[in-house]
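File shown: my_file-v5.csv. Contents: CSV, C-alpha atoms.
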```
chain,number,residue,atom,x,y,z
J,4,MET,CA,8.6,78.8,-66.4
J,5,LYS,CA,9.0,75.2,-65.1
J,6,GLU,CA,9.3,73.9,-61.6
J,7,PHE,CA,11.0,70.9,-60.1
J,8,ARG,CA,10.2,70.1,-56.5
J,9,LEU,CA,11.9,67.7,-54.1
J,10,SER,CA,10.1,68.1,-50.8
J,11,THR,CA,10.8,64.9,-49.0
J,12,LEU,CA,13.9,64.2,-46.9
J,13,VAL,CA,15.2,60.7,-47.9
J,14,ARG,CA,17.1,58.6,-45.4
J,15,LEU,CA,18.6,55.5,-47.1
J,16,GLY,CA,20.6,52.4,-46.3
J,17,PRO,CA,20.4,49.6,-43.7
J,18,GLU,CA,20.6,52.0,-40.7
J,19,ALA,CA,17.9,54.3,-42.0
J,20,LEU,CA,15.2,53.1,-39.6
J,21,THR,CA,17.0,54.7,-36.7
J,22,ALA,CA,15.6,58.0,-38.1
J,23,LEU,CA,12.3,57.0,-36.4
J,24,THR,CA,13.8,57.7,-32.9
J,25,ARG,CA,13.1,61.4,-33.3
J,26,TYR,CA,9.4,60.5,-32.9
J,27,ARG,CA,9.9,58.2,-29.8
J,28,GLY,CA,7.4,59.0,-27.1
J,29,GLU,CA,5.1,61.0,-29.5
J,30,SER,CA,1.6,59.9,-30.5
J,31,VAL,CA,2.0,57.9,-33.7
J,32,PHE,CA,-0.7,56.7,-36.1
J,33,MET,CA,0.9,53.8,-38.0
J,34,VAL,CA,-0.8,52.4,-41.2
J,35,THR,CA,0.2,49.0,-42.4
J,36,ASP,CA,-1.3,45.5,-43.2
J,37,GLU,CA,-1.8,42.4,-41.1
J,38,PHE,CA,1.1,40.4,-42.7
J,39,LEU,CA,3.7,43.1,-42.3
J,40,THR,CA,3.1,43.3,-38.5
J,41,THR,CA,4.7,39.9,-38.2
J,42,THR,CA,8.0,40.8,-39.9
J,43,PRO,CA,11.2,41.5,-38.0
J,44,VAL,CA,11.9,44.9,-39.6
J,45,PHE,CA,8.4,46.1,-38.7
J,46,LYS,CA,9.0,45.1,-35.1
J,47,GLU,CA,12.3,47.0,-35.2
J,48,ALA,CA,10.5,50.1,-36.5
J,49,LEU,CA,8.0,49.8,-33.6
J,50,GLY,CA,10.9,49.6,-31.2
J,51,HIS,CA,12.3,52.9,-32.4
J,52,LEU,CA,8.9,54.6,-32.0
J,53,GLY,CA,8.1,53.5,-28.4
J,54,ASP,CA,4.7,52.7,-26.9
J,55,ARG,CA,2.4,55.5,-28.1
J,56,VAL,CA,1.5,53.9,-31.4
J,57,THR,CA,-2.0,53.4,-32.7
J,58,LEU,CA,-2.0,50.7,-35.4
J,59,PHE,CA,-4.3,50.6,-38.4
J,60,THR,CA,-3.8,47.2,-40.2
J,61,GLY,CA,-6.9,47.2,-42.4
J,62,VAL,CA,-5.3,48.2,-45.7
J,63,LEU,CA,-5.9,45.7,-48.6
J,64,PRO,CA,-4.4,45.8,-52.1
J,65,ASN,CA,-5.9,48.6,-54.2
J,66,PRO,CA,-7.3,50.5,-51.2
J,67,GLY,CA,-11.0,51.4,-51.5
J,68,THR,CA,-13.1,54.2,-50.1
J,69,HIS,CA,-14.6,52.0,-47.3
J,70,GLU,CA,-11.4,51.0,-45.7
J,71,ILE,CA,-10.0,54.5,-46.0
J,72,GLY,CA,-13.1,55.8,-44.2
J,73,LEU,CA,-12.4,53.3,-41.4
J,74,GLY,CA,-8.8,54.5,-41.2
J,75,VAL,CA,-9.8,58.2,-41.0
J,76,ALA,CA,-12.1,57.4,-38.1
J,77,GLU,CA,-9.2,55.7,-36.2
J,78,TYR,CA,-6.9,58.6,-37.2
J,79,LEU,CA,-9.2,61.2,-35.7
J,80,ARG,CA,-9.6,59.2,-32.5
J,81,ALA,CA,-5.8,58.8,-32.2
J,82,LYS,CA,-5.1,62.5,-32.7
J,83,PRO,CA,-1.5,61.7,-33.7
J,84,HIS,CA,1.6,63.9,-33.8
J,85,VAL,CA,2.9,62.0,-36.9
J,86,VAL,CA,1.6,59.4,-39.4
J,87,VAL,CA,3.9,56.5,-40.3
J,88,ALA,CA,3.1,54.4,-43.4
J,89,TYR,CA,4.8,51.1,-43.4
J,90,GLY,CA,4.1,49.0,-46.5
J,91,GLY,CA,3.8,49.0,-50.3
J,92,GLY,CA,2.1,51.4,-52.6
J,93,SER,CA,-1.4,50.5,-51.3
J,94,VAL,CA,-0.5,51.2,-47.7
J,95,MET,CA,1.3,54.4,-48.4
J,96,ASP,CA,-1.5,55.7,-50.7
J,97,ALA,CA,-4.1,54.8,-48.0
J,98,ALA,CA,-2.1,56.6,-45.3
J,99,LYS,CA,-1.7,59.7,-47.5
J,100,VAL,CA,-5.4,59.9,-48.3
J,101,MET,CA,-6.3,59.4,-44.6
J,102,HIS,CA,-4.0,62.2,-43.7
J,103,LYS,CA,-5.4,64.5,-46.3
J,104,ALA,CA,-8.9,63.8,-45.1
J,105,ALA,CA,-7.9,64.6,-41.5
J,106,LEU,CA,-6.2,67.8,-42.6
J,107,ASP,CA,-9.3,68.9,-44.4
J,108,ALA,CA,-11.3,68.2,-41.2
J,109,GLY,CA,-8.8,70.4,-39.3
J,110,PHE,CA,-7.2,67.5,-37.4
J,111,GLY,CA,-4.0,66.6,-39.4
J,112,ALA,CA,-0.9,65.4,-37.6
J,113,PRO,CA,1.5,68.4,-37.2
J,114,GLU,CA,4.6,66.3,-38.2
J,115,GLY,CA,2.9,65.0,-41.3
J,116,ILE,CA,3.8,61.6,-42.9
J,117,VAL,CA,6.8,59.3,-42.6
J,118,ALA,CA,6.8,56.7,-45.4
J,119,ILE,CA,8.7,53.4,-45.2
J,120,PRO,CA,8.2,51.5,-48.4
J,121,THR,CA,8.3,47.7,-48.3
J,122,THR,CA,8.2,47.2,-52.1
J,123,SER,CA,10.4,48.9,-54.8
J,124,GLY,CA,7.7,50.1,-57.2
J,125,SER,CA,5.2,52.7,-56.5
J,126,GLY,CA,7.6,55.4,-55.2
J,127,SER,CA,4.6,56.8,-53.2
J,128,GLU,CA,7.0,57.7,-50.4
J,129,VAL,CA,8.1,60.8,-52.4
J,130,THR,CA,5.1,61.7,-54.5
J,131,SER,CA,2.0,63.9,-54.1
J,132,PHE,CA,-0.1,61.1,-55.8
J,133,ALA,CA,-2.3,58.4,-54.4
J,134,VAL,CA,-4.7,56.0,-56.1
J,135,VAL,CA,-8.0,55.0,-54.5
J,136,THR,CA,-10.6,52.5,-55.9
J,137,ASP,CA,-14.2,53.6,-56.0
J,138,GLU,CA,-15.9,50.5,-54.7
J,139,GLU,CA,-19.2,51.2,-56.5
J,140,THR,CA,-17.8,52.0,-59.9
J,141,HIS,CA,-14.6,49.9,-59.6
J,142,VAL,CA,-12.7,52.9,-61.1
J,143,LYS,CA,-9.3,53.7,-59.8
J,144,ILE,CA,-9.1,57.4,-59.0
J,145,PRO,CA,-5.7,59.2,-58.9
J,146,ILE,CA,-5.6,61.9,-56.3
J,147,VAL,CA,-3.0,64.7,-56.3
J,148,SER,CA,-2.3,67.0,-53.4
J,149,ALA,CA,0.8,68.7,-52.0
J,150,ASP,CA,-0.7,67.8,-48.6
J,151,MET,CA,0.1,64.1,-49.2
J,152,VAL,CA,3.8,64.5,-49.7
J,153,ALA,CA,5.7,62.7,-47.0
J,154,ARG,CA,8.1,64.8,-45.0
J,155,LEU,CA,10.5,61.8,-44.5
J,156,ALA,CA,11.0,58.7,-46.5
J,157,ILE,CA,13.0,55.8,-45.1
J,158,LEU,CA,14.6,53.6,-47.7
J,159,ASP,CA,15.8,50.6,-45.7
J,160,PRO,CA,16.5,47.7,-48.2
J,161,ARG,CA,15.9,45.2,-45.4
J,162,ALA,CA,12.3,46.2,-45.5
J,163,VAL,CA,12.1,44.8,-49.0
J,164,MET,CA,14.0,41.6,-48.4
J,165,GLY,CA,11.0,39.5,-47.6
J,166,ALA,CA,8.9,40.6,-50.6
J,167,PRO,CA,7.8,37.5,-52.6
J,168,ALA,CA,9.2,37.1,-56.1
J,169,HIS,CA,5.9,37.9,-57.9
J,170,ILE,CA,5.5,41.2,-55.9
J,171,THR,CA,9.2,42.0,-56.7
J,172,ALA,CA,8.4,41.5,-60.3
J,173,ASP,CA,5.2,43.5,-60.4
J,174,SER,CA,6.6,46.4,-58.4
J,175,GLY,CA,9.9,46.4,-60.4
J,176,MET,CA,8.1,46.7,-63.7
J,177,ASP,CA,6.0,49.6,-62.2
J,178,THR,CA,9.3,51.3,-61.5
J,179,LEU,CA,10.5,50.8,-65.1
J,180,THR,CA,7.2,52.2,-66.5
J,181,HIS,CA,7.4,55.2,-64.2
J,182,ALA,CA,10.8,56.0,-65.5
J,183,VAL,CA,10.0,55.5,-69.2
J,184,GLU,CA,6.8,57.5,-69.1
J,185,ALA,CA,8.4,60.3,-67.2
J,186,TYR,CA,11.2,60.4,-69.8
J,187,VAL,CA,8.9,60.9,-72.7
J,188,ALA,CA,6.3,63.1,-71.0
J,189,ARG,CA,5.5,66.4,-72.6
J,190,THR,CA,6.8,68.3,-69.6
J,191,ALA,CA,10.0,66.3,-69.1
J,192,CYS,CA,13.1,68.4,-68.3
J,193,ASP,CA,16.8,67.9,-67.6
J,194,PHE,CA,16.2,67.1,-63.9
J,195,SER,CA,13.5,64.5,-64.6
J,196,ASP,CA,15.6,63.0,-67.4
J,197,ALA,CA,18.6,62.4,-65.1
J,198,LEU,CA,16.5,60.6,-62.5
J,199,ALA,CA,14.5,58.6,-65.1
J,200,GLU,CA,17.6,57.5,-67.0
J,201,LYS,CA,19.3,56.3,-63.8
J,202,ALA,CA,16.1,54.5,-62.8
J,203,VAL,CA,16.0,52.7,-66.1
J,204,GLU,CA,19.6,51.7,-65.9
J,205,LEU,CA,19.3,50.4,-62.3
J,206,THR,CA,16.1,48.5,-63.0
J,207,VAL,CA,17.3,46.7,-66.0
J,208,ARG,CA,20.5,45.7,-64.2
J,209,TYR,CA,19.2,44.8,-60.7
J,210,LEU,CA,15.5,43.7,-61.0
J,211,PRO,CA,16.3,40.2,-62.3
J,212,ARG,CA,18.8,39.7,-59.4
J,213,CYS,CA,16.1,40.9,-56.9
J,214,HIS,CA,13.7,38.4,-58.4
J,215,SER,CA,15.9,35.4,-58.5
J,216,HIS,CA,17.8,36.1,-55.2
J,217,GLY,CA,15.5,38.0,-52.9
J,218,ASP,CA,18.1,38.2,-50.2
J,219,ASP,CA,20.6,40.1,-52.3
J,220,LEU,CA,20.9,43.2,-50.2
J,221,GLU,CA,23.0,45.1,-52.8
J,222,ALA,CA,20.4,44.5,-55.6
J,223,ARG,CA,17.5,45.3,-53.3
J,224,GLU,CA,19.1,48.6,-52.3
J,225,HIS,CA,19.7,49.7,-55.9
J,226,MET,CA,16.1,48.8,-56.9
J,227,HIS,CA,14.8,50.7,-53.8
J,228,ASN,CA,16.7,53.7,-55.0
J,229,ALA,CA,15.5,53.3,-58.6
J,230,SER,CA,11.9,53.2,-57.5
J,231,CYS,CA,12.3,56.4,-55.5
J,232,MET,CA,14.2,58.2,-58.3
J,233,ALA,CA,11.6,57.3,-60.9
J,234,ALA,CA,8.9,58.6,-58.6
J,235,MET,CA,10.7,61.9,-58.1
J,236,ALA,CA,10.7,62.2,-61.9
J,237,PHE,CA,7.1,61.4,-62.6
J,238,ASP,CA,5.8,63.4,-59.6
J,239,ASN,CA,7.2,66.5,-61.3
J,240,VAL,CA,6.5,65.8,-65.0
J,241,GLY,CA,3.6,63.3,-65.1
J,242,LEU,CA,3.1,59.9,-66.7
J,243,GLY,CA,1.2,58.7,-69.7
J,244,ILE,CA,-1.4,56.4,-71.2
J,245,THR,CA,0.3,53.2,-70.0
J,246,HIS,CA,-0.8,54.2,-66.5
J,247,SER,CA,-4.2,55.6,-67.6
J,248,LEU,CA,-5.0,52.2,-69.2
J,249,ALA,CA,-3.6,50.3,-66.3
J,250,HIS,CA,-5.7,52.2,-63.8
J,251,ALA,CA,-8.8,51.5,-65.9
J,252,LEU,CA,-8.0,47.8,-66.3
J,253,GLY,CA,-7.1,47.4,-62.6
J,254,GLY,CA,-10.5,48.7,-61.6
J,255,HIS,CA,-12.2,45.9,-63.6
J,256,TYR,CA,-9.9,42.9,-63.2
J,257,PRO,CA,-7.9,41.6,-60.3
J,258,ILE,CA,-4.4,42.0,-61.9
J,259,ALA,CA,-1.5,43.8,-60.2
J,260,HIS,CA,-0.9,47.3,-61.4
J,261,GLY,CA,2.8,46.7,-62.3
J,262,ARG,CA,1.8,43.6,-64.2
J,263,LEU,CA,-0.7,45.6,-66.3
J,264,ASN,CA,1.9,48.3,-66.9
J,265,ALA,CA,4.4,45.7,-68.2
J,266,MET,CA,1.8,44.3,-70.6
J,267,LEU,CA,0.9,47.7,-72.0
J,268,LEU,CA,4.3,49.4,-72.1
J,269,PRO,CA,5.6,47.8,-75.3
J,270,HIS,CA,2.4,48.7,-77.2
J,271,VAL,CA,2.4,52.2,-75.9
J,272,ILE,CA,6.1,52.7,-76.9
J,273,GLU,CA,5.2,51.6,-80.4
J,274,PHE,CA,2.1,53.8,-80.6
J,275,ASN,CA,3.9,57.0,-79.3
J,276,ALA,CA,7.0,56.4,-81.4
J,277,GLU,CA,5.0,56.1,-84.6
J,278,ARG,CA,3.1,59.4,-84.0
J,279,SER,CA,5.6,61.8,-82.4
J,280,GLN,CA,9.2,62.6,-83.4
J,281,HIS,CA,9.7,63.9,-79.9
J,282,ALA,CA,8.7,60.5,-78.5
J,283,PHE,CA,10.7,58.7,-81.1
J,284,ASP,CA,13.9,60.5,-80.2
J,285,ARG,CA,13.4,60.1,-76.5
J,286,TYR,CA,12.8,56.3,-76.8
J,287,VAL,CA,15.9,56.1,-79.0
J,288,ARG,CA,18.0,57.6,-76.1
J,289,LEU,CA,16.5,55.1,-73.6
J,290,GLY,CA,17.1,52.3,-76.1
J,291,ARG,CA,20.8,53.3,-76.3
J,292,LEU,CA,21.0,53.0,-72.5
J,293,VAL,CA,20.2,49.3,-72.8
J,294,SER,CA,21.9,48.7,-76.1
J,295,PRO,CA,24.7,51.3,-76.7
J,296,SER,CA,25.5,50.4,-80.2
J,297,ALA,CA,21.9,50.6,-81.5
J,298,THR,CA,20.7,53.7,-83.4
J,299,GLY,CA,17.4,55.0,-84.7
J,300,ARG,CA,14.5,52.5,-84.9
J,301,ALA,CA,16.8,49.7,-83.8
J,302,ALA,CA,17.3,51.4,-80.5
J,303,ILE,CA,13.5,51.5,-79.9
J,304,THR,CA,13.3,47.9,-80.9
J,305,SER,CA,16.0,47.2,-78.3
J,306,LEU,CA,14.0,49.1,-75.6
J,307,ILE,CA,10.9,47.1,-76.4
J,308,SER,CA,12.8,43.8,-76.5
J,309,THR,CA,14.3,44.7,-73.1
J,310,VAL,CA,10.8,45.1,-71.6
J,311,ARG,CA,9.7,41.8,-73.1
J,312,ARG,CA,12.8,40.0,-72.0
J,313,LEU,CA,12.3,41.3,-68.4
J,314,GLN,CA,8.7,40.0,-68.5
J,315,GLU,CA,9.9,36.6,-69.6
J,316,GLN,CA,12.7,36.5,-67.0
J,317,LEU,CA,10.2,37.5,-64.3
J,318,GLY,CA,7.6,34.9,-65.3
J,319,MET,CA,5.0,37.6,-66.1
J,320,PRO,CA,2.2,37.3,-68.7
J,321,SER,CA,2.5,39.4,-71.8
J,322,ARG,CA,-1.2,39.6,-72.6
J,323,LEU,CA,-4.4,40.0,-70.6
J,324,GLY,CA,-5.6,36.6,-71.8
J,325,GLU,CA,-2.7,34.9,-70.1
J,326,ALA,CA,-3.7,36.8,-66.9
J,327,GLY,CA,-7.2,35.3,-67.0
J,328,VAL,CA,-9.2,38.0,-68.8
J,329,ALA,CA,-11.4,36.5,-71.5
J,330,ARG,CA,-11.3,38.4,-74.9
J,331,GLN,CA,-15.1,38.6,-75.0
J,332,ASP,CA,-15.2,40.2,-71.5
J,333,LEU,CA,-12.5,42.7,-72.4
J,334,PHE,CA,-14.1,43.7,-75.7
J,335,GLN,CA,-17.4,44.2,-74.0
J,336,ASP,CA,-15.8,46.4,-71.3
J,337,ILE,CA,-13.6,48.4,-73.8
J,338,PRO,CA,-16.0,51.5,-74.1
J,339,GLU,CA,-16.0,51.8,-70.3
J,340,LEU,CA,-12.3,51.2,-70.0
J,341,VAL,CA,-11.5,53.8,-72.6
J,342,ALA,CA,-13.8,56.4,-71.1
J,343,ALA,CA,-12.0,56.0,-67.7
J,344,ALA,CA,-8.6,56.2,-69.3
J,345,LEU,CA,-9.4,59.4,-71.3
J,346,ALA,CA,-10.6,61.0,-68.0
J,347,ASP,CA,-7.5,59.8,-66.1
J,348,GLY,CA,-5.1,62.5,-64.9
J,349,CYS,CA,-2.1,60.5,-66.3
J,350,THR,CA,-3.3,61.0,-69.9
J,351,PRO,CA,-2.5,64.7,-70.6
J,352,PRO,CA,1.3,64.4,-70.2
J,353,ASN,CA,1.4,61.6,-72.8
J,354,PRO,CA,3.6,62.8,-75.7
J,355,VAL,CA,0.8,62.0,-78.2
J,356,ALA,CA,-2.8,63.3,-77.8
J,357,VAL,CA,-5.1,60.2,-77.9
J,358,THR,CA,-8.6,59.5,-79.1
J,359,ALA,CA,-11.0,56.7,-78.0
J,360,ASP,CA,-10.1,54.8,-81.1
J,361,ASP,CA,-6.4,55.0,-80.3
J,362,LEU,CA,-6.9,53.5,-76.8
J,363,THR,CA,-9.3,50.9,-78.1
J,364,GLY,CA,-6.6,49.7,-80.6
J,365,ILE,CA,-4.0,49.4,-77.8
J,366,LEU,CA,-6.4,47.4,-75.6
J,367,ARG,CA,-7.2,45.1,-78.5
J,368,ARG,CA,-3.5,44.5,-79.1
J,369,VAL,CA,-2.9,43.5,-75.5
J,370,ALA,CA,-6.0,41.2,-75.3
```

Can you give me the file's structure in the form of structure tokens?
Amino acid sequence: MKEFRLSTLVRLGPEALTALTRYRGESVFMVTDEFLTTTPVFKEALGHLGDRVTLFTGVLPNPGTHEIGLGVAEYLRAKPHVVVAYGGGSVMDAAKVMHKAALDAGFGAPEGIVAIPTTSGSGSEVTSFAVVTDEETHVKIPIVSADMVARLAILDPRAVMGAPAHITADSGMDTLTHAVEAYVARTACDFSDALAEKAVELTVRYLPRCHSHGDDLEAREHMHNASCMAAMAFDNVGLGITHSLAHALGGHYPIAHGRLNAMLLPHVIEFNAERSQHAFDRYVRLGRLVSPSATGRAAITSLISTVRRLQEQLGMPSRLGEAGVARQDLFQDIPELVAAALADGCTPPNPVAVTADDLTGILRRVA
């Protein structure tokens, strides 16, 4: 028997922030970063919440155990009624882990988490996943718990309007990777397929517009929706080795997660399609979404070409060397990277069971 769970209420559109008024006057623990506190939409969100807000602004990209520990201490002092995460994937993941830690200590906010994403990529606003970096080992650790699912997600496209072009690109390619990996996952089902297919369609159509015209509200809204739908899909059926390898690489090198996914995805598609008829057939269906006249292997080639074309349009590197990783450093780190990827929770749903040699080959191809 399979399950498909959608636990988060999603409010969407330019008026969605008004949903915060239900918490006005309550004790709020709000997690964000320093830059976002200067933006007009953040100030509007604060206005809806009132004056009983404790701010934690110490979240950095790729949140680590130290800053999360500091946040938990602030959380416990604040004794909030609700937690509001306002930011991208790093902020939302940090807030979710803080809330889980407080719950485990017996002091969790009774109204749970409200997530307001300011990037269209991680989809963390509707998932039970969070990723934390172990600052001693530099390994990215995926954490999964139903306790970390937000009760309310607010998708206001205005919150994404100020995102710089490079963040739009990185987060958008993360969305695409979420959708593609969920679509070919071993446990994919009709429900995840519908969400993943729509997310691919919307991303291919609207991501270039978001990148070149950041103030395009229509494009931003569609990408925000695509990110959320892709996350709903993968939260239920899992991801694959693109994410496992990206987690491992991201723990070693200062490269954005979505950028790593974009580099790896074409190679993972080729690898899986060559070794699994199931994966081959699924990639063909996605290829026909972007190139309706293509069939068989040509459809997969179209899918890979679409990924590479997006990389080029968005000004993203296609190889690690172009992102500043020396080949000799990568080759020296490969055994450690492969071990981390094999142990990653995203590896089991991959449509092909992998060995250390398989992952080594993919890393060498993306060097």

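Across the structure, atom CA of Leu179 of chain J and atom CA of Cys231 of chain J are spaced 11.3 Å apart.
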
Checklist entry - Excluding same-chain residues fewer than 3 positions from segment 324-339 of chain J, what lies within 8 Å of it counting only C-alpha atoms, as a count of residues only? => result 10

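The interatomic distance for the pair atom CA of Ala197 of chain J and atom CA of Ser148 of chain J works out to 24.4 Å.
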
Checklist entry - In terms of the shortest atom-to-atom distance over all atoms listed in the file, which of J:Ala188, J:Leu317, J:Leu248, J:Met101 is closest to Pro211 of chain J? => result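 Nearest to Pro211 of chain J: J:Leu317.
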
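Nearest residue to Pro354 of chain J, choosing from J:Ala172, J:Leu39, J:Ile119, J:Ala276 and counting only C-alpha atoms: J:Ala276.
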
Next on the checklist: Around (-0.1, 62.1, -39.2), as given in the file, which residues come within 10 Å? Count all atoms listed in the file and list them as an NGL selection string.
Outcome noted: :J and (30-34 or 78-79 or 81-88 or 98-99 or 101-103 or 105-106 or 110-117 or 153)

Item to check | Residues within 12 Å of segment 45-47 of chain J, all atoms listed in the file, excluding chain neighbours under 3 positions, as number ranges by chain | outcome: J: 18-24, 33-42, 50-54, 58, 87-90, 119-121, 159, 161-163, 165

Item to check | Option closest in space to Leu9 of chain J, from J:Thr309, J:Asn239, J:Ser230, J:Thr140 [counting all atoms listed in the file] | outcome: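 Among the listed residues, the smallest separation from Leu9 of chain J belongs to J:Asn239.
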
Checklist entry - Quick one: of J:Ala234, J:His225, J:Leu205, J:Arg212, who's nearest to Ser127 of chain J, counting only C-alpha atoms? => result J:Ala234

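What separates atom CA of Leu340 of chain J from atom CA of Lys143 of chain J is a distance of 10.9 Å.
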
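Ranking J:Ala222, J:Met151, J:Met232, J:Val134 by their shortest atom-to-atom distance to Val13 of chain J, with all atoms listed in the file included, puts J:Met232 first.
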
Checklist entry - Which one is closest to Val147 of chain J: J:Ile71, J:Leu323, J:Ala185, J:Val100? Count all atoms listed in the file. => result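 Of all the options, J:Val100 lies closest to Val147 of chain J.
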
Which residues are close to Leu198 of chain J, i.e. within 8 Å by only C-alpha atoms, leaving aside same-chain residues fewer than 2 positions away? Reply as an mmCIF file with C-alpha atoms, in the frame of the given file.
```cif
data_model
loop_
_atom_site.group_PDB
_atom_site.id
_atom_site.type_symbol
_atom_site.label_atom_id
_atom_site.label_comp_id
_atom_site.auth_asym_id
_atom_site.auth_seq_id
_atom_site.Cartn_x
_atom_site.Cartn_y
_atom_site.Cartn_z
ATOM 1 C CA ALA J 182 10.800 56.000 -65.500
ATOM 2 C CA PHE J 194 16.200 67.100 -63.900
ATOM 3 C CA SER J 195 13.500 64.500 -64.600
ATOM 4 C CA ASP J 196 15.600 63.000 -67.400
ATOM 5 C CA GLU J 200 17.600 57.500 -67.000
ATOM 6 C CA LYS J 201 19.300 56.300 -63.800
ATOM 7 C CA ALA J 202 16.100 54.500 -62.800
ATOM 8 C CA MET J 232 14.200 58.200 -58.300
ATOM 9 C CA ALA J 233 11.600 57.300 -60.900
ATOM 10 C CA MET J 235 10.700 61.900 -58.100
ATOM 11 C CA ALA J 236 10.700 62.200 -61.900
#
```

Checklist entry - In file coordinates, which residues lie within 10 Å of (-2.6, 53.5, -69.9) using all atoms listed in the file, given as a PyMOL selection string? => result chain J and resi 242-252+263-264+267-268+271+340-341+343-345+347+349-350+353+362+365-366
